[in-house]
$ cat input_34.cif   # mmCIF, C-alpha atoms
data_work
loop_
_atom_site.label_atom_id
_atom_site.label_comp_id
_atom_site.auth_asym_id
_atom_site.auth_seq_id
_atom_site.Cartn_x
_atom_site.Cartn_y
_atom_site.Cartn_z
CA MET I 1 0.00 0.00 0.00
CA GLN I 2 1.17 3.48 -0.84
CA GLU I 3 0.53 5.62 2.15
CA SER I 4 0.24 9.26 1.53
CA GLU I 5 3.36 10.78 2.92
CA SER I 6 2.45 14.40 2.62
CA SER I 7 0.14 15.71 5.28
CA PRO I 8 -1.13 19.28 5.50
CA HIS I 9 0.64 19.93 8.78
CA GLU I 10 4.00 19.08 7.22
CA ASP I 11 3.52 21.47 4.36
CA PRO I 12 6.23 24.09 4.65
CA LYS I 13 4.46 26.64 2.48
CA PRO I 14 3.11 29.35 4.74
CA GLU I 15 0.75 30.78 2.16
CA PHE I 16 -1.55 27.77 2.35
CA ASP I 17 -4.61 28.91 4.08
CA GLU I 18 -7.29 26.78 5.65
CA ALA I 19 -9.36 26.38 2.54
CA SER I 20 -6.50 25.08 0.46
CA ARG I 21 -5.48 22.70 3.25
CA PHE I 22 -8.98 21.32 3.43
CA GLU I 23 -9.08 20.83 -0.33
CA LYS I 24 -5.74 19.08 -0.25
CA SER I 25 -6.71 16.68 2.54
CA LEU I 26 -9.99 15.89 0.80
CA GLN I 27 -8.15 15.10 -2.40
CA GLU I 28 -5.80 12.80 -0.49
CA LEU I 29 -8.77 10.94 0.96
CA ARG I 30 -10.19 10.45 -2.52
CA ASP I 31 -6.89 9.12 -3.76
CA LEU I 32 -6.74 6.74 -0.80
CA ARG I 33 -10.02 5.16 -1.84
CA SER I 34 -8.68 4.11 -5.21
CA GLN I 35 -5.51 2.81 -3.58
CA LEU I 36 -7.52 0.69 -1.14
CA ASN I 37 -9.61 -0.77 -3.95
CA TYR I 38 -6.49 -1.67 -5.92
CA ALA I 39 -4.86 -3.23 -2.81
CA ALA I 40 -7.97 -5.33 -2.04
CA ASP I 41 -8.01 -6.73 -5.58
CA TYR I 42 -4.29 -7.55 -5.37
CA CYS I 43 -4.68 -9.36 -2.03
CA GLU I 44 -7.58 -11.40 -3.36
CA VAL I 45 -5.64 -12.51 -6.43
CA ALA I 46 -2.52 -13.27 -4.38
CA PHE I 47 -4.51 -15.35 -1.90
CA LEU I 48 -6.06 -17.41 -4.68
CA LYS I 49 -2.78 -17.98 -6.53
CA ALA I 50 -0.45 -18.44 -3.57
CA GLU I 51 0.52 -21.87 -2.24
CA LYS I 52 1.23 -20.66 1.27
CA LYS I 53 -2.05 -19.04 1.99
CA ASN I 54 -1.22 -18.39 5.64
CA MET I 55 1.51 -15.94 4.70
CA VAL I 56 -0.79 -14.05 2.34
CA LEU I 57 -3.49 -14.04 4.98
CA GLU I 58 -1.17 -12.61 7.62
CA SER I 59 0.20 -9.96 5.26
CA THR I 60 -3.37 -9.03 4.30
CA LYS I 61 -4.29 -8.66 7.97
CA GLU I 62 -1.35 -6.35 8.58
CA TYR I 63 -2.27 -4.35 5.51
CA ILE I 64 -5.86 -4.01 6.68
CA CYS I 65 -4.70 -2.72 10.07
CA LYS I 66 -2.43 -0.12 8.48
CA ALA I 67 -5.13 0.86 6.00
CA MET I 68 -7.61 1.40 8.80
CA ILE I 69 -5.15 3.59 10.67
CA THR I 70 -4.41 5.57 7.53
CA VAL I 71 -8.07 6.08 6.70
CA ILE I 72 -8.82 7.25 10.23
CA ASP I 73 -5.84 9.61 10.08
CA HIS I 74 -7.02 11.11 6.84
CA LEU I 75 -10.57 11.44 8.08
CA GLY I 76 -9.36 13.21 11.18
CA ASN I 77 -7.28 15.49 9.06
CA VAL I 78 -10.19 16.37 6.79
CA SER I 79 -12.56 16.92 9.71
CA ALA I 80 -10.04 19.11 11.52
CA ASN I 81 -9.49 21.23 8.44
CA LEU I 82 -13.21 21.57 7.90
CA GLU I 83 -13.70 22.52 11.53
CA CYS I 84 -11.04 25.19 11.22
CA LEU I 85 -12.65 26.39 8.03
CA ILE I 86 -16.12 26.68 9.54
CA ASP I 87 -15.19 27.89 12.99
CA SER I 88 -13.55 31.10 11.97
CA PRO I 89 -15.16 33.61 14.34
CA ASP I 90 -12.53 36.25 13.70
CA GLU I 91 -13.76 37.14 10.24
CA PHE I 92 -17.38 37.23 11.35
CA SER I 93 -16.61 39.31 14.39
CA GLN I 94 -14.51 41.69 12.32
CA THR I 95 -17.29 42.03 9.76
CA GLU I 96 -19.87 42.60 12.48
CA LEU I 97 -17.61 45.18 14.10
CA ARG I 98 -17.21 46.98 10.79
CA MET I 99 -20.95 47.03 10.22
CA ASP I 100 -21.59 48.21 13.77
CA GLY I 101 -19.11 50.99 13.16
CA LEU I 102 -20.85 52.00 9.97
CA GLN I 103 -24.21 52.01 11.71
CA GLN I 104 -22.82 54.08 14.56
CA ARG I 105 -21.42 56.60 12.12
CA LEU I 106 -24.79 56.85 10.39
CA LEU I 107 -26.52 57.42 13.73
CA THR I 108 -23.98 60.09 14.61
CA CYS I 109 -24.62 61.85 11.31
CA ARG I 110 -28.37 61.66 11.93
CA GLU I 111 -28.02 63.13 15.41
CA TYR I 112 -25.82 65.89 14.02
CA THR I 113 -28.40 66.82 11.41
CA CYS I 114 -31.13 66.78 14.05
CA GLU I 115 -29.05 69.09 16.21
CA LEU I 116 -28.60 71.45 13.28
CA ASP I 117 -32.33 71.48 12.61
CA LEU I 118 -33.22 71.98 16.25
CA ALA I 119 -30.79 74.87 16.63
CA GLN I 120 -32.89 76.85 14.15
CA VAL I 121 -36.16 76.52 16.06
CA ARG I 122 -34.96 76.21 19.63
CA TRP I 123 -36.03 79.01 22.01
CA ASN I 124 -33.32 81.30 23.20
CA SER I 125 -33.47 84.07 25.75
CA ALA I 126 -31.55 86.34 23.40
CA PHE I 127 -34.39 86.32 20.91
CA SER I 128 -36.24 89.62 20.50
CA ARG I 129 -39.82 89.86 21.67
CA TYR I 130 -42.66 91.16 19.53
CA HIS I 131 -45.69 93.18 20.34
CA PRO I 132 -48.91 91.14 20.20
CA ARG I 133 -50.34 93.74 17.83
CA TYR I 134 -48.10 92.43 15.10
CA SER I 135 -48.98 88.85 15.51
CA SER I 136 -50.69 87.32 12.55
CA LYS I 137 -54.41 87.09 11.96
CA LEU I 138 -56.34 84.57 10.03
CA ILE I 139 -57.64 85.91 6.76
CA GLN I 140 -61.29 85.34 6.02
CA PRO I 141 -62.26 82.97 3.23
CA ALA I 142 -63.86 85.92 1.45
CA GLU I 143 -60.43 87.47 1.11
CA ARG I 144 -59.02 84.38 -0.55
CA SER I 145 -60.31 85.61 -3.85
CA ASN I 146 -57.97 88.57 -3.53
CA GLY I 147 -55.01 86.22 -3.43
CA ALA I 148 -54.45 86.05 0.28
CA MET I 149 -54.47 82.63 1.91
CA PRO I 150 -55.10 81.92 5.59
CA MET I 151 -52.34 80.66 7.79
CA ARG I 152 -52.80 77.15 8.95
CA ASP I 153 -50.65 76.41 11.96
CA SER I 154 -48.43 77.90 14.59
CA SER I 155 -45.37 77.83 12.36
CA ASP I 156 -47.06 80.31 10.05
CA LEU I 157 -47.88 82.42 13.06
CA PHE I 158 -44.23 82.38 13.98
CA VAL I 159 -43.31 83.50 10.50
CA ALA I 160 -45.77 86.35 10.62
CA GLU I 161 -44.57 87.45 14.02
CA SER I 162 -41.02 87.45 12.85
CA MET I 163 -41.94 89.50 9.79
CA TYR I 164 -43.57 92.29 11.78
CA GLN I 165 -41.27 93.24 14.55
CA CYS I 166 -42.16 95.89 17.06
CA LYS I 167 -39.33 98.12 18.12
CA ASP I 168 -38.58 98.97 21.71
CA SER I 169 -39.96 102.49 21.66
CA PRO I 170 -43.76 102.50 21.88
CA ASN I 171 -44.12 105.48 19.55
CA GLU I 172 -42.56 103.73 16.62
CA LYS I 173 -45.15 101.31 15.43
CA VAL I 174 -44.06 101.10 11.84
CA PRO I 175 -43.69 97.47 10.92
CA CYS I 176 -40.29 96.46 9.75
CA ILE I 177 -40.10 93.40 7.56
CA LYS I 178 -37.27 91.04 8.36
CA LYS I 179 -35.87 88.23 6.38
CA THR I 180 -36.59 84.96 8.07
CA THR I 181 -34.94 81.61 7.54
CA THR I 182 -38.12 79.71 8.27
CA HIS I 183 -39.47 77.92 5.27
CA LEU I 184 -42.59 79.44 3.80
CA THR I 185 -44.50 78.07 0.93
CA PRO I 186 -45.16 80.53 -1.87
CA GLU I 187 -48.89 80.02 -1.71
CA PHE I 188 -49.14 81.94 1.57
CA GLU I 189 -49.32 85.69 1.62
CA PHE I 190 -49.64 87.98 4.59
CA SER I 191 -51.46 91.23 4.64
CA PRO I 192 -49.33 93.99 6.15
CA VAL I 193 -50.44 95.81 9.24
CA PHE I 194 -51.06 99.51 8.75
CA ASN I 195 -51.34 102.30 11.26
CA GLY I 196 -54.76 103.54 12.13
CA PRO I 197 -58.02 101.67 12.68
CA SER I 198 -58.25 98.48 10.81
CA ILE I 199 -59.34 94.93 11.38
CA LEU I 200 -55.90 93.72 12.23
CA SER I 201 -55.12 96.59 14.57
CA LYS I 202 -58.21 95.98 16.64
CA PRO I 203 -57.29 95.22 20.23
CA ARG I 204 -57.56 91.62 21.10
CA SER I 205 -60.14 90.09 23.30
CA SER I 206 -59.36 88.49 26.60
CA SER I 207 -59.44 85.09 25.02
CA PHE I 208 -56.08 85.54 23.40
CA GLY I 209 -54.40 82.30 22.64
CA PRO I 210 -53.28 80.08 19.84
CA GLN I 211 -55.23 80.88 16.76
CA THR I 212 -57.10 78.11 15.09
CA LYS I 213 -59.43 77.82 12.21
CA ASP I 214 -62.47 78.02 14.45
CA SER I 215 -61.59 81.38 15.97
CA PRO I 216 -62.48 83.85 13.14
CA ARG I 217 -66.14 83.72 13.98
CA LEU I 218 -65.39 85.02 17.46
CA ARG I 219 -62.82 87.49 16.26
CA PHE I 220 -65.16 89.16 13.78
CA SER I 221 -68.22 89.01 15.98
CA TYR I 222 -68.26 92.81 16.38
CA LEU I 223 -69.15 93.13 12.69
CA ILE I 224 -72.16 90.93 13.26
CA ASP I 225 -73.10 93.03 16.29
CA ASP I 226 -73.04 96.21 14.19
CA ARG I 227 -75.31 94.60 11.63
CA ASN I 228 -77.71 93.49 14.36
CA LYS I 229 -77.71 96.96 15.84
CA LYS I 230 -78.57 98.49 12.48
CA SER I 231 -81.39 96.04 11.90
CA VAL I 232 -82.79 96.69 15.38
CA GLN I 233 -82.68 100.45 14.82
CA SER I 234 -84.50 100.15 11.49
CA SER I 235 -87.18 97.94 12.99
CA ASN I 236 -87.68 100.47 15.80
CA PHE I 237 -88.05 103.27 13.28
CA ILE I 238 -90.65 101.30 11.32
CA SER I 239 -92.61 100.53 14.45
CA PHE I 240 -92.51 104.23 15.39
CA LEU I 241 -93.95 105.17 11.98
CA ARG I 242 -96.77 102.62 12.40
CA ARG I 243 -97.62 103.94 15.85
CA SER I 244 -97.73 107.49 14.53
CA LYS I 245 -100.06 106.40 11.71
CA ARG I 246 -102.37 104.68 14.18
CA ALA I 247 -102.45 107.75 16.39
CA LYS I 248 -103.49 109.84 13.43
CA MET N 1 0.25 -45.80 15.50
CA ALA N 2 -3.42 -45.28 15.01
CA ARG N 3 -3.66 -43.68 18.40
CA ALA N 4 -0.81 -41.29 17.60
CA GLY N 5 -2.43 -40.39 14.30
CA GLY N 6 -5.68 -39.62 16.05
CA ILE N 7 -3.93 -37.36 18.51
CA THR N 8 -2.19 -35.53 15.67
CA ASN N 9 -5.47 -35.04 13.87
CA ALA N 10 -7.02 -33.74 17.03
CA VAL N 11 -4.15 -31.31 17.52
CA ASN N 12 -4.45 -30.15 13.93
CA VAL N 13 -8.15 -29.64 14.33
CA GLY N 14 -7.54 -27.72 17.54
CA ILE N 15 -4.96 -25.51 15.84
CA ALA N 16 -7.30 -24.89 12.93
CA VAL N 17 -10.14 -24.05 15.28
CA GLN N 18 -7.91 -21.67 17.20
CA ALA N 19 -6.78 -20.02 13.98
CA ASP N 20 -10.38 -19.74 12.91
CA TRP N 21 -11.29 -18.12 16.18
CA GLU N 22 -8.37 -15.72 15.81
CA ASN N 23 -9.53 -14.82 12.33
CA ARG N 24 -13.04 -14.29 13.59
CA GLU N 25 -11.74 -12.11 16.39
CA PHE N 26 -9.73 -10.06 13.92
CA ILE N 27 -12.74 -9.63 11.66
CA SER N 28 -14.89 -8.61 14.59
CA HIS N 29 -12.29 -6.03 15.63
CA ILE N 30 -12.14 -4.65 12.13
CA SER N 31 -15.91 -4.53 11.79
CA LEU N 32 -16.21 -2.85 15.18
CA ASN N 33 -13.69 -0.19 14.15
CA VAL N 34 -15.47 0.31 10.84
CA ARG N 35 -18.73 0.79 12.71
CA ARG N 36 -17.10 3.31 15.00
CA LEU N 37 -15.71 5.06 11.97
CA PHE N 38 -19.17 5.12 10.40
CA GLU N 39 -20.70 6.50 13.56
CA PHE N 40 -18.03 9.19 13.64
CA LEU N 41 -18.77 10.07 10.04
CA VAL N 42 -22.51 10.30 10.70
CA GLN N 43 -21.96 12.45 13.75
CA PHE N 44 -19.48 14.58 11.88
CA GLU N 45 -21.97 15.05 9.08
CA ALA N 46 -24.67 16.19 11.51
CA THR N 47 -22.31 18.56 13.28
CA THR N 48 -21.04 19.97 10.03
CA LYS N 49 -24.55 20.46 8.72
CA SER N 50 -25.62 22.35 11.83
CA LYS N 51 -22.51 24.50 11.73
CA LEU N 52 -23.00 25.24 8.07
CA ALA N 53 -26.63 26.15 8.75
CA SER N 54 -25.62 28.58 11.48
CA LEU N 55 -22.94 29.94 9.20
CA ASN N 56 -25.48 30.47 6.46
CA GLU N 57 -27.80 32.23 8.89
CA LYS N 58 -25.02 34.54 10.00
CA LEU N 59 -24.13 35.30 6.42
CA ASP N 60 -27.76 36.09 5.60
CA THR N 61 -27.99 38.42 8.58
CA LEU N 62 -24.79 40.16 7.63
CA GLU N 63 -25.93 40.46 4.04
CA ARG N 64 -29.24 42.04 5.04
CA ARG N 65 -27.55 44.45 7.40
CA LEU N 66 -25.07 45.35 4.72
CA GLU N 67 -27.84 46.00 2.21
CA LEU N 68 -29.65 48.18 4.75
CA LEU N 69 -26.51 50.16 5.42
CA GLU N 70 -25.87 50.57 1.71
CA VAL N 71 -29.38 51.91 1.17
CA GLN N 72 -29.05 54.30 4.11
CA VAL N 73 -25.69 55.56 2.95
CA SER N 74 -26.85 56.00 -0.63
CA THR N 75 -29.97 57.83 0.52
CA ALA N 76 -27.98 60.08 2.81
CA SER N 77 -25.39 60.85 0.17
CA ALA N 78 -28.01 61.47 -2.53
CA ASN N 79 -30.28 63.73 -0.50
CA PRO N 80 -29.00 64.99 2.87
CA ALA N 81 -32.35 66.62 3.64
CA LEU N 82 -34.07 63.25 3.67
CA PHE N 83 -31.49 61.80 5.96
CA SER N 84 -32.92 63.38 9.06
#

$ encode --input "input_34.cif" --output "structure tokens"
Amino acid sequence: MQESESSPHEDPKPEFDEASRFEKSLQELRDLRSQLNYAADYCEVAFLKAEKKNMVLESTKEYICKAMITVIDHLGNVSANLECLIDSPDEFSQTELRMDGLQQRLLTCREYTCELDLAQVRWNSAFSRYHPRYSSKLIQPAERSNGAMPMRDSSDLFVAESMYQCKDSPNEKVPCIKKTTTHLTPEFEFSPVFNGPSILSKPRSSSFGPQTKDSPRLRFSYLIDDRNKKSVQSSNFISFLRRSKRAK
Amino acid sequence: MARAGGITNAVNVGIAVQADWENREFISHISLNVRRLFEFLVQFEATTKSKLASLNEKLDTLERRLELLEVQVSTASANPALFS
């Protein structure tokens, strides 16, 4: 029997990695199978042709023992190489560490962008304060036809307040328009606040608070009161005329 | 003479029987070792299959995570406003 003399552990080449060692040991095991088949055929023929069968039998027994040892050795070698090939936690841990690092960097970038966004809208004591007169008002739906659109939420209110800034001196009530960094869609327009009596310069009621869509009815209730007063006066005048006619 | 021949035949038969028993013992040893080898191979196959399955699962997980990271990075690099 030709025993394979070269084993993977005796290979002096350092560049052989685990995969190549496993392939080599597997190829040696395959070659051993053909050698064992050839040796079995030879022993059978020698036993049939030999006159001293005891000698052939003993030599065959010794060969079988050595073949078993060799096969077990090769199998152990293949299994060990395969184990080393599969159980390679270093590469997996390194890959997982790299991916964790990438994910951490992405989270850091996300937090940084959130910080940048929050810095624009965060309250600061150094911010200037604005007179409530210059806070925004909701525009009536009737005025939409003129091109003005109502403001929808508190962010729009903030934009309007920042556009009309009241200066420190109470006498100067001229609105000064500032450039704001807050995003504003082009479909919104704000009516400027003028000096003198107007709807927007009307003093606010006691129920001052966040403006919603439901509030315009309350805010413009004085117009309805004026109309009611006029109608009441006209009805009184008509009733006075009727009484005077009856008296005549 | 006949008695000596009978003894010799008996000795030869005894030697042959002993040799036969030795052969049977050898064959039983070999068959036992082959069975052990077979059991080792079966166990090794099961262990290797389970390890390969876990390896495949790890590779799938890593592949999915890598794809997710690639999509996030590409989205962030393409449009920084959408990143936050």

$ resolve_selection --input "input_34.cif" --expression "the PyMOL selection byres ((chain N) within 9 of (chain I))" --output "PyMOL selection string"
chain N and resi 26+30+33-34+37+41+44+48+51-52+55+58-59+62+65-66+69+72-73+76+80-81+83-84

$ atom_distance --input "input_34.cif" --atom1 "atom CA of Phe47 of chain I" --atom2 "atom CA of Ser59 of chain I"
10.1 Å

$ atom_distance --input "input_34.cif" --atom1 "atom CA of Val42 of chain N" --atom2 "atom CA of Thr60 of chain I"
27.9 Å

$ atom_distance --input "input_34.cif" --atom1 "atom CA of Lys53 of chain I" --atom2 "atom CA of Gln35 of chain I"
22.8 Å
